[in-house]
$ cat structure11.txt   # compact mmCIF, N, CA and C atoms
# COMPACT_ATOMS: atom_id res chain seq x y z
N LEU A 117 -2.11 -1.05 -2.88
CA LEU A 117 -2.06 0.39 -2.98
C LEU A 117 -2.55 0.99 -1.68
N ARG A 118 -1.86 1.97 -1.22
CA ARG A 118 -2.29 2.70 -0.04
C ARG A 118 -2.32 4.16 -0.39
N GLN A 119 -3.39 4.84 -0.04
CA GLN A 119 -3.47 6.25 -0.31
C GLN A 119 -3.78 7.02 0.94
N ARG A 120 -3.37 8.26 0.97
CA ARG A 120 -3.53 9.11 2.13
C ARG A 120 -4.25 10.37 1.72
N GLY A 121 -5.16 10.78 2.56
CA GLY A 121 -5.81 12.07 2.37
C GLY A 121 -5.27 13.05 3.40
N ARG A 122 -5.49 14.30 3.18
CA ARG A 122 -5.11 15.30 4.16
C ARG A 122 -6.07 15.21 5.35
N VAL A 123 -5.62 15.69 6.46
CA VAL A 123 -6.45 15.64 7.66
C VAL A 123 -7.80 16.26 7.35
N GLY A 124 -8.87 15.53 7.69
CA GLY A 124 -10.22 16.03 7.47
C GLY A 124 -10.77 15.77 6.08
N GLN A 125 -9.97 15.18 5.19
CA GLN A 125 -10.45 14.88 3.85
C GLN A 125 -10.51 13.38 3.67
N SER A 126 -11.20 12.95 2.63
CA SER A 126 -11.29 11.53 2.32
C SER A 126 -9.92 10.98 2.00
N ALA A 127 -9.69 9.73 2.34
CA ALA A 127 -8.41 9.08 2.05
C ALA A 127 -8.28 8.77 0.57
N ARG A 128 -9.36 8.88 -0.18
CA ARG A 128 -9.31 8.56 -1.60
C ARG A 128 -9.76 9.79 -2.39
N PRO A 129 -8.87 10.38 -3.22
CA PRO A 129 -9.26 11.54 -4.02
C PRO A 129 -10.41 11.20 -4.95
N GLU A 130 -11.21 12.20 -5.29
CA GLU A 130 -12.37 11.98 -6.17
C GLU A 130 -11.98 11.31 -7.48
N ALA A 131 -10.81 11.65 -8.02
CA ALA A 131 -10.39 11.07 -9.30
C ALA A 131 -10.23 9.56 -9.21
N LEU A 132 -10.01 9.04 -7.99
CA LEU A 132 -9.83 7.61 -7.83
C LEU A 132 -11.06 6.93 -7.26
N ALA A 133 -12.11 7.70 -7.01
CA ALA A 133 -13.32 7.12 -6.44
C ALA A 133 -13.90 6.11 -7.42
N THR A 134 -14.50 5.08 -6.87
CA THR A 134 -15.11 4.04 -7.70
C THR A 134 -16.61 4.07 -7.49
N PRO A 135 -17.36 3.47 -8.42
CA PRO A 135 -18.81 3.46 -8.27
C PRO A 135 -19.23 2.80 -6.97
N GLY A 136 -20.32 3.25 -6.39
CA GLY A 136 -20.82 2.66 -5.15
C GLY A 136 -20.41 3.50 -3.95
N ASN A 137 -20.76 3.02 -2.80
CA ASN A 137 -20.45 3.70 -1.55
C ASN A 137 -18.95 3.61 -1.27
N ALA A 138 -18.29 4.75 -1.05
CA ALA A 138 -16.84 4.78 -0.82
C ALA A 138 -16.45 4.03 0.45
N ASP A 139 -17.42 3.77 1.35
CA ASP A 139 -17.11 3.06 2.58
C ASP A 139 -17.21 1.55 2.42
N ASP A 140 -17.71 1.09 1.30
CA ASP A 140 -17.84 -0.35 1.05
C ASP A 140 -16.64 -0.86 0.28
N GLY A 141 -16.19 -2.06 0.61
CA GLY A 141 -15.19 -2.70 -0.23
C GLY A 141 -15.84 -3.08 -1.55
N GLN A 142 -15.03 -3.20 -2.59
CA GLN A 142 -15.59 -3.48 -3.91
C GLN A 142 -14.73 -4.50 -4.66
N SER A 143 -15.41 -5.32 -5.46
CA SER A 143 -14.72 -6.29 -6.31
C SER A 143 -15.16 -6.17 -7.76
N SER A 144 -15.87 -5.11 -8.10
CA SER A 144 -16.43 -4.98 -9.44
C SER A 144 -15.35 -4.72 -10.49
N ARG A 145 -15.72 -4.99 -11.73
CA ARG A 145 -14.82 -4.72 -12.85
C ARG A 145 -14.46 -3.23 -12.91
N ASP A 146 -15.45 -2.36 -12.69
CA ASP A 146 -15.20 -0.91 -12.71
C ASP A 146 -14.22 -0.49 -11.61
N ALA A 147 -14.36 -1.09 -10.42
CA ALA A 147 -13.44 -0.77 -9.32
C ALA A 147 -12.02 -1.23 -9.66
N ARG A 148 -11.91 -2.39 -10.29
CA ARG A 148 -10.59 -2.91 -10.69
C ARG A 148 -9.94 -1.99 -11.73
N ILE A 149 -10.72 -1.59 -12.72
CA ILE A 149 -10.20 -0.68 -13.76
C ILE A 149 -9.77 0.64 -13.15
N ALA A 150 -10.57 1.19 -12.23
CA ALA A 150 -10.22 2.45 -11.58
C ALA A 150 -8.93 2.30 -10.77
N ALA A 151 -8.77 1.19 -10.10
CA ALA A 151 -7.55 0.95 -9.31
C ALA A 151 -6.33 0.89 -10.22
N ILE A 152 -6.43 0.20 -11.33
CA ILE A 152 -5.31 0.11 -12.28
C ILE A 152 -4.99 1.48 -12.85
N ARG A 153 -6.02 2.24 -13.20
CA ARG A 153 -5.81 3.59 -13.76
C ARG A 153 -5.16 4.54 -12.75
N SER A 154 -5.31 4.26 -11.46
CA SER A 154 -4.73 5.13 -10.44
C SER A 154 -3.23 4.92 -10.26
N ILE A 155 -2.68 3.88 -10.85
CA ILE A 155 -1.25 3.60 -10.72
C ILE A 155 -0.48 4.53 -11.67
N PRO A 156 0.47 5.30 -11.15
CA PRO A 156 1.22 6.25 -11.99
C PRO A 156 2.36 5.57 -12.75
N PHE A 157 2.01 4.72 -13.73
CA PHE A 157 3.02 3.95 -14.45
C PHE A 157 4.11 4.83 -15.06
N GLU A 158 3.74 6.04 -15.49
CA GLU A 158 4.72 6.93 -16.13
C GLU A 158 5.80 7.39 -15.15
N GLN A 159 5.56 7.25 -13.86
CA GLN A 159 6.54 7.67 -12.85
C GLN A 159 7.31 6.50 -12.25
N LEU A 160 7.00 5.28 -12.66
CA LEU A 160 7.65 4.09 -12.12
C LEU A 160 8.88 3.72 -12.92
N THR A 161 9.79 3.01 -12.28
CA THR A 161 10.94 2.47 -12.99
C THR A 161 10.44 1.35 -13.91
N PRO A 162 11.21 1.02 -14.94
CA PRO A 162 10.80 -0.10 -15.81
C PRO A 162 10.61 -1.40 -15.03
N ASP A 163 11.48 -1.66 -14.04
CA ASP A 163 11.35 -2.87 -13.23
C ASP A 163 10.04 -2.86 -12.44
N ALA A 164 9.72 -1.74 -11.81
CA ALA A 164 8.48 -1.64 -11.04
C ALA A 164 7.26 -1.80 -11.95
N THR A 165 7.31 -1.19 -13.12
CA THR A 165 6.21 -1.32 -14.08
C THR A 165 6.01 -2.78 -14.46
N GLN A 166 7.10 -3.47 -14.77
CA GLN A 166 7.02 -4.88 -15.16
C GLN A 166 6.45 -5.74 -14.01
N ARG A 167 6.90 -5.48 -12.80
CA ARG A 167 6.42 -6.24 -11.64
C ARG A 167 4.92 -6.03 -11.44
N LEU A 168 4.46 -4.78 -11.53
CA LEU A 168 3.04 -4.51 -11.34
C LEU A 168 2.20 -5.07 -12.49
N ARG A 169 2.68 -4.94 -13.71
CA ARG A 169 1.93 -5.49 -14.86
C ARG A 169 1.76 -7.00 -14.73
N ARG A 170 2.80 -7.68 -14.24
CA ARG A 170 2.72 -9.13 -14.07
C ARG A 170 1.64 -9.47 -13.02
N ILE A 171 1.60 -8.72 -11.93
CA ILE A 171 0.60 -8.94 -10.89
C ILE A 171 -0.80 -8.69 -11.45
N ILE A 172 -0.96 -7.58 -12.16
CA ILE A 172 -2.27 -7.23 -12.74
C ILE A 172 -2.72 -8.30 -13.73
N ASP A 173 -1.81 -8.72 -14.61
CA ASP A 173 -2.17 -9.69 -15.65
C ASP A 173 -2.48 -11.08 -15.09
N GLU A 174 -1.85 -11.44 -13.98
CA GLU A 174 -2.01 -12.79 -13.43
C GLU A 174 -2.98 -12.86 -12.25
N ALA A 175 -3.56 -11.74 -11.87
CA ALA A 175 -4.44 -11.72 -10.70
C ALA A 175 -5.68 -12.57 -10.93
N SER A 176 -6.00 -13.41 -9.96
CA SER A 176 -7.21 -14.21 -10.05
C SER A 176 -8.32 -13.61 -9.19
N TYR A 177 -7.97 -12.63 -8.36
CA TYR A 177 -8.94 -12.03 -7.46
C TYR A 177 -8.57 -10.57 -7.24
N PHE A 178 -9.57 -9.71 -7.22
CA PHE A 178 -9.36 -8.29 -6.94
C PHE A 178 -10.35 -7.86 -5.86
N ARG A 179 -9.87 -7.08 -4.92
CA ARG A 179 -10.75 -6.51 -3.90
C ARG A 179 -10.20 -5.17 -3.47
N ARG A 180 -10.98 -4.12 -3.64
CA ARG A 180 -10.63 -2.79 -3.11
C ARG A 180 -11.27 -2.72 -1.73
N MET A 181 -10.43 -2.57 -0.73
CA MET A 181 -10.91 -2.55 0.65
C MET A 181 -11.59 -1.22 0.96
N PRO A 182 -12.45 -1.23 1.98
CA PRO A 182 -13.11 0.02 2.37
C PRO A 182 -12.07 1.07 2.77
N THR A 183 -12.38 2.32 2.52
CA THR A 183 -11.48 3.40 2.90
C THR A 183 -11.75 3.80 4.34
N GLN A 184 -10.72 4.31 4.96
CA GLN A 184 -10.84 4.85 6.31
C GLN A 184 -10.05 6.14 6.35
N THR A 185 -10.58 7.12 7.06
CA THR A 185 -9.89 8.39 7.23
C THR A 185 -9.51 8.53 8.69
N VAL A 186 -8.25 8.86 8.92
CA VAL A 186 -7.76 9.06 10.27
C VAL A 186 -7.06 10.41 10.31
N ALA A 187 -7.47 11.27 11.23
CA ALA A 187 -6.81 12.56 11.39
C ALA A 187 -5.43 12.32 11.99
N CYS A 188 -4.40 12.82 11.32
CA CYS A 188 -3.04 12.63 11.83
C CYS A 188 -2.12 13.69 11.25
N ASP A 189 -0.97 13.82 11.87
CA ASP A 189 0.05 14.73 11.41
C ASP A 189 0.65 14.19 10.10
N THR A 190 0.76 15.03 9.08
CA THR A 190 1.24 14.60 7.78
C THR A 190 2.64 14.00 7.85
N GLU A 191 3.55 14.66 8.56
CA GLU A 191 4.93 14.14 8.66
C GLU A 191 4.96 12.80 9.38
N MET A 192 4.17 12.64 10.43
CA MET A 192 4.11 11.36 11.14
C MET A 192 3.55 10.28 10.24
N TYR A 193 2.48 10.60 9.52
CA TYR A 193 1.89 9.64 8.59
C TYR A 193 2.94 9.16 7.58
N LEU A 194 3.63 10.11 6.94
CA LEU A 194 4.62 9.74 5.93
C LEU A 194 5.74 8.88 6.54
N PHE A 195 6.18 9.22 7.73
CA PHE A 195 7.22 8.42 8.38
C PHE A 195 6.74 6.99 8.61
N LEU A 196 5.54 6.85 9.17
CA LEU A 196 5.04 5.51 9.49
C LEU A 196 4.72 4.68 8.26
N ILE A 197 4.20 5.30 7.20
CA ILE A 197 3.89 4.52 5.99
C ILE A 197 5.18 4.08 5.29
N ARG A 198 6.25 4.84 5.47
CA ARG A 198 7.54 4.50 4.87
C ARG A 198 8.41 3.65 5.79
N HIS A 199 8.02 3.54 7.05
CA HIS A 199 8.76 2.73 8.03
C HIS A 199 7.78 1.88 8.83
N PRO A 200 7.08 0.96 8.17
CA PRO A 200 6.06 0.16 8.87
C PRO A 200 6.64 -0.72 9.97
N GLU A 201 7.93 -0.98 9.92
CA GLU A 201 8.55 -1.79 10.97
C GLU A 201 8.47 -1.09 12.33
N VAL A 202 8.38 0.23 12.34
CA VAL A 202 8.23 0.98 13.59
C VAL A 202 6.87 0.66 14.22
N VAL A 203 5.82 0.64 13.41
CA VAL A 203 4.48 0.32 13.90
C VAL A 203 4.46 -1.10 14.46
N VAL A 204 5.04 -2.05 13.72
CA VAL A 204 5.05 -3.44 14.18
C VAL A 204 5.85 -3.57 15.47
N SER A 205 6.94 -2.83 15.60
CA SER A 205 7.73 -2.85 16.84
C SER A 205 6.92 -2.31 18.03
N LEU A 206 6.11 -1.28 17.78
CA LEU A 206 5.24 -0.76 18.84
C LEU A 206 4.23 -1.81 19.27
N TRP A 207 3.63 -2.49 18.31
CA TRP A 207 2.69 -3.57 18.63
C TRP A 207 3.37 -4.63 19.48
N ASP A 208 4.63 -4.96 19.12
CA ASP A 208 5.37 -5.98 19.86
C ASP A 208 5.60 -5.54 21.31
N VAL A 209 6.04 -4.31 21.51
CA VAL A 209 6.27 -3.78 22.85
C VAL A 209 4.99 -3.84 23.69
N MET A 210 3.85 -3.62 23.05
CA MET A 210 2.57 -3.65 23.76
C MET A 210 2.03 -5.07 23.91
N GLY A 211 2.75 -6.06 23.36
CA GLY A 211 2.31 -7.44 23.47
C GLY A 211 1.10 -7.77 22.62
N MET A 212 0.91 -7.02 21.53
CA MET A 212 -0.29 -7.16 20.70
C MET A 212 -0.11 -8.08 19.50
N THR A 213 1.10 -8.53 19.22
CA THR A 213 1.31 -9.27 17.98
C THR A 213 2.49 -10.22 18.07
N LYS A 214 2.47 -11.22 17.21
CA LYS A 214 3.62 -12.09 17.00
C LYS A 214 4.32 -11.74 15.69
N VAL A 215 3.76 -10.76 14.99
CA VAL A 215 4.31 -10.34 13.70
C VAL A 215 5.67 -9.69 13.90
N THR A 216 6.59 -9.97 12.97
CA THR A 216 7.87 -9.26 12.95
C THR A 216 8.04 -8.65 11.57
N LEU A 217 8.71 -7.52 11.53
CA LEU A 217 8.98 -6.84 10.26
C LEU A 217 10.37 -6.24 10.39
N GLU A 218 11.27 -6.71 9.54
CA GLU A 218 12.68 -6.33 9.61
C GLU A 218 13.08 -5.61 8.33
N ARG A 219 13.73 -4.47 8.46
CA ARG A 219 14.23 -3.75 7.30
C ARG A 219 15.49 -4.45 6.81
N ILE A 220 15.50 -4.82 5.52
CA ILE A 220 16.66 -5.51 4.95
C ILE A 220 17.33 -4.70 3.84
N GLY A 221 16.77 -3.55 3.53
CA GLY A 221 17.31 -2.65 2.52
C GLY A 221 16.61 -1.32 2.64
N GLU A 222 17.08 -0.34 1.89
CA GLU A 222 16.50 1.00 1.99
C GLU A 222 14.98 1.00 1.75
N TYR A 223 14.54 0.17 0.79
CA TYR A 223 13.12 0.11 0.45
C TYR A 223 12.57 -1.31 0.57
N GLN A 224 13.24 -2.16 1.35
CA GLN A 224 12.85 -3.57 1.44
C GLN A 224 12.69 -4.01 2.90
N LEU A 225 11.68 -4.86 3.11
CA LEU A 225 11.39 -5.38 4.44
C LEU A 225 11.12 -6.88 4.34
N ARG A 226 11.37 -7.59 5.44
CA ARG A 226 11.05 -9.02 5.52
C ARG A 226 10.07 -9.18 6.68
N GLY A 227 8.95 -9.83 6.39
CA GLY A 227 7.91 -10.00 7.40
C GLY A 227 7.65 -11.45 7.74
N ASN A 228 7.15 -11.66 8.96
CA ASN A 228 6.79 -12.99 9.43
C ASN A 228 5.59 -12.80 10.37
N ASP A 229 4.49 -13.51 10.09
CA ASP A 229 3.30 -13.31 10.93
C ASP A 229 3.34 -14.13 12.21
N GLY A 230 4.39 -14.92 12.40
CA GLY A 230 4.55 -15.70 13.63
C GLY A 230 3.80 -17.00 13.66
N VAL A 231 3.03 -17.29 12.61
CA VAL A 231 2.29 -18.56 12.56
C VAL A 231 2.45 -19.25 11.20
N GLY A 232 3.51 -18.91 10.48
CA GLY A 232 3.81 -19.65 9.26
C GLY A 232 3.88 -18.87 7.96
N THR A 233 3.37 -17.66 7.92
CA THR A 233 3.43 -16.89 6.68
C THR A 233 4.59 -15.91 6.74
N LYS A 234 5.42 -15.95 5.70
CA LYS A 234 6.57 -15.05 5.60
C LYS A 234 6.48 -14.32 4.26
N CYS A 235 7.02 -13.11 4.20
CA CYS A 235 6.99 -12.37 2.95
C CYS A 235 8.15 -11.38 2.90
N ASN A 236 8.43 -10.94 1.70
CA ASN A 236 9.33 -9.82 1.46
C ASN A 236 8.48 -8.70 0.89
N MET A 237 8.74 -7.47 1.33
CA MET A 237 7.99 -6.31 0.86
C MET A 237 8.96 -5.30 0.27
N ASP A 238 8.60 -4.77 -0.88
CA ASP A 238 9.38 -3.71 -1.51
C ASP A 238 8.50 -2.49 -1.69
N LEU A 239 9.00 -1.33 -1.24
CA LEU A 239 8.33 -0.06 -1.55
C LEU A 239 8.80 0.31 -2.95
N ILE A 240 7.92 0.16 -3.95
CA ILE A 240 8.35 0.40 -5.33
C ILE A 240 7.94 1.77 -5.84
N TYR A 241 7.11 2.48 -5.06
CA TYR A 241 6.75 3.84 -5.42
C TYR A 241 6.29 4.55 -4.16
N GLY A 242 6.70 5.80 -4.01
CA GLY A 242 6.23 6.59 -2.88
C GLY A 242 6.19 8.05 -3.24
N SER A 243 5.06 8.67 -2.96
CA SER A 243 4.91 10.12 -3.09
C SER A 243 4.17 10.58 -1.84
N GLU A 244 3.89 11.85 -1.73
CA GLU A 244 3.18 12.34 -0.55
C GLU A 244 1.79 11.72 -0.44
N ASN A 245 1.17 11.39 -1.59
CA ASN A 245 -0.21 10.92 -1.59
C ASN A 245 -0.41 9.46 -1.95
N LEU A 246 0.63 8.76 -2.37
CA LEU A 246 0.46 7.38 -2.81
C LEU A 246 1.72 6.60 -2.52
N HIS A 247 1.56 5.41 -1.96
CA HIS A 247 2.67 4.49 -1.72
C HIS A 247 2.26 3.12 -2.26
N ILE A 248 3.15 2.49 -3.01
CA ILE A 248 2.87 1.17 -3.56
C ILE A 248 3.91 0.20 -3.02
N TYR A 249 3.44 -0.78 -2.27
CA TYR A 249 4.28 -1.86 -1.77
C TYR A 249 3.95 -3.11 -2.55
N GLN A 250 4.98 -3.87 -2.91
CA GLN A 250 4.77 -5.19 -3.51
C GLN A 250 5.27 -6.21 -2.52
N SER A 251 4.46 -7.22 -2.26
CA SER A 251 4.83 -8.30 -1.34
C SER A 251 4.89 -9.61 -2.08
N GLN A 252 5.81 -10.45 -1.67
CA GLN A 252 5.90 -11.81 -2.25
C GLN A 252 6.38 -12.77 -1.21

$ encode --input "structure11.txt" --output "structure tokens"
Amino acid sequence: LRQRGRVGQSARPEALATPGNADDGQSSRDARIAAIRSIPFEQLTPDATQRLRRIIDEASYFRRMPTQTVACDTEMYLFLIRHPEVVVSLWDVMGMTKVTLERIGEYQLRGNDGVGTKCNMDLIYGSENLHIYQSQ
């Protein structure tokens, strides 16, 4: 799950805040429940719901990473979160990475970290404030 805050605001809305310091990563049961509750299942397709439920039900490990707030233009943020291959291409031009990310469909990407890990990513939900990518 990736969430965005408006410039100058926390990246995580209060409704999704979890117990403890918002700057600390968390693995608690309460943090896991809050993360699951933040998923807008009623707005997902049946396929996306099934895919996420399978991940939730079979997860052996949960970790909510620390939040970070970055001041940025809203339109630029939305473009980059929906087109992560552009960011990876910039890293490549700067010689910063061996990672590749190729768009293979309107909402699908294929990634390779350059040292043996490959994945497919699907954007299964996107709104102005929340984007859900599934990787396999």

$ atom_distance --input "structure11.txt" --atom1 "CA of Glu244 in chain A" --atom2 "CA of Tyr177 in chain A"
28.1 Å

$ axis_aligned_box --input "structure11.txt" --around "range 173-188 of chain A" --padding-each-side "4 Å" --output "JSON"
{"center_x": -7.5, "center_y": -0.3, "center_z": -1.8, "size_x": 19.3, "size_y": 35.9, "size_z": 35.6}

$ atom_distance --input "structure11.txt" --atom1 "CA of Leu196 in chain A" --atom2 "CA of Val215 in chain A"
16.4 Å

$ residues_near_point --input "structure11.txt" --point "(9.2, -7.1, 7.4)" --cutoff "9 Å" --atoms "only C-alpha atoms" --output "NGL selection string"
:A and (200-201 or 204 or 215-220 or 224-228 or 234-237)

$ write_last_selection --input "structure11.txt" --atoms "N, CA and C atoms" --output "PDB file, keeping the file's coordinate frame"
ATOM      1  N   PRO A 200       7.080   0.960   8.170  1.00  0.00           N
ATOM      2  CA  PRO A 200       6.060   0.160   8.870  1.00  0.00           C
ATOM      3  C   PRO A 200       6.640  -0.720   9.970  1.00  0.00           C
ATOM      4  N   GLU A 201       7.930  -0.980   9.920  1.00  0.00           N
ATOM      5  CA  GLU A 201       8.550  -1.790  10.970  1.00  0.00           C
ATOM      6  C   GLU A 201       8.470  -1.090  12.330  1.00  0.00           C
ATOM      7  N   VAL A 204       5.040  -2.050  13.720  1.00  0.00           N
ATOM      8  CA  VAL A 204       5.050  -3.440  14.180  1.00  0.00           C
ATOM      9  C   VAL A 204       5.850  -3.570  15.470  1.00  0.00           C
ATOM     10  N   VAL A 215       3.760 -10.760  14.990  1.00  0.00           N
ATOM     11  CA  VAL A 215       4.310 -10.340  13.700  1.00  0.00           C
ATOM     12  C   VAL A 215       5.670  -9.690  13.900  1.00  0.00           C
ATOM     13  N   THR A 216       6.590  -9.970  12.970  1.00  0.00           N
ATOM     14  CA  THR A 216       7.870  -9.260  12.950  1.00  0.00           C
ATOM     15  C   THR A 216       8.040  -8.650  11.570  1.00  0.00           C
ATOM     16  N   LEU A 217       8.710  -7.520  11.530  1.00  0.00           N
ATOM     17  CA  LEU A 217       8.980  -6.840  10.260  1.00  0.00           C
ATOM     18  C   LEU A 217      10.370  -6.240  10.390  1.00  0.00           C
ATOM     19  N   GLU A 218      11.270  -6.710   9.540  1.00  0.00           N
ATOM     20  CA  GLU A 218      12.680  -6.330   9.610  1.00  0.00           C
ATOM     21  C   GLU A 218      13.080  -5.610   8.330  1.00  0.00           C
ATOM     22  N   ARG A 219      13.730  -4.470   8.460  1.00  0.00           N
ATOM     23  CA  ARG A 219      14.230  -3.750   7.300  1.00  0.00           C
ATOM     24  C   ARG A 219      15.490  -4.450   6.810  1.00  0.00           C
ATOM     25  N   ILE A 220      15.500  -4.820   5.520  1.00  0.00           N
ATOM     26  CA  ILE A 220      16.660  -5.510   4.950  1.00  0.00           C
ATOM     27  C   ILE A 220      17.330  -4.700   3.840  1.00  0.00           C
ATOM     28  N   GLN A 224      13.240  -2.160   1.350  1.00  0.00           N
ATOM     29  CA  GLN A 224      12.850  -3.570   1.440  1.00  0.00           C
ATOM     30  C   GLN A 224      12.690  -4.010   2.900  1.00  0.00           C
ATOM     31  N   LEU A 225      11.680  -4.860   3.110  1.00  0.00           N
ATOM     32  CA  LEU A 225      11.390  -5.380   4.440  1.00  0.00           C
ATOM     33  C   LEU A 225      11.120  -6.880   4.340  1.00  0.00           C
ATOM     34  N   ARG A 226      11.370  -7.590   5.440  1.00  0.00           N
ATOM     35  CA  ARG A 226      11.050  -9.020   5.520  1.00  0.00           C
ATOM     36  C   ARG A 226      10.070  -9.180   6.680  1.00  0.00           C
ATOM     37  N   GLY A 227       8.950  -9.830   6.390  1.00  0.00           N
ATOM     38  CA  GLY A 227       7.910 -10.000   7.400  1.00  0.00           C
ATOM     39  C   GLY A 227       7.650 -11.450   7.740  1.00  0.00           C
ATOM     40  N   ASN A 228       7.150 -11.660   8.960  1.00  0.00           N
ATOM     41  CA  ASN A 228       6.790 -12.990   9.430  1.00  0.00           C
ATOM     42  C   ASN A 228       5.590 -12.800  10.370  1.00  0.00           C
ATOM     43  N   LYS A 234       5.420 -15.950   5.700  1.00  0.00           N
ATOM     44  CA  LYS A 234       6.570 -15.050   5.600  1.00  0.00           C
ATOM     45  C   LYS A 234       6.480 -14.320   4.260  1.00  0.00           C
ATOM     46  N   CYS A 235       7.020 -13.110   4.200  1.00  0.00           N
ATOM     47  CA  CYS A 235       6.990 -12.370   2.950  1.00  0.00           C
ATOM     48  C   CYS A 235       8.150 -11.380   2.900  1.00  0.00           C
ATOM     49  N   ASN A 236       8.430 -10.940   1.700  1.00  0.00           N
ATOM     50  CA  ASN A 236       9.330  -9.820   1.460  1.00  0.00           C
ATOM     51  C   ASN A 236       8.480  -8.700   0.890  1.00  0.00           C
ATOM     52  N   MET A 237       8.740  -7.470   1.330  1.00  0.00           N
ATOM     53  CA  MET A 237       7.990  -6.310   0.860  1.00  0.00           C
ATOM     54  C   MET A 237       8.960  -5.300   0.270  1.00  0.00           C
TER      55      MET A 237
END

$ select_by_dssp --input "structure11.txt" --residues "range 145-236 of chain A" --states "strand (DSSP E)" --output "list in words"
Thr216, Leu217, Glu218, Arg219, Ile220, Gly221, Gln224, Leu225, Arg226, Gly227, Asn228, Lys234, Cys235 and Asn236 of chain A

$ atom_distance --input "structure11.txt" --atom1 "CA of Asp238 in chain A" --atom2 "CA of His199 in chain A"
11.5 Å
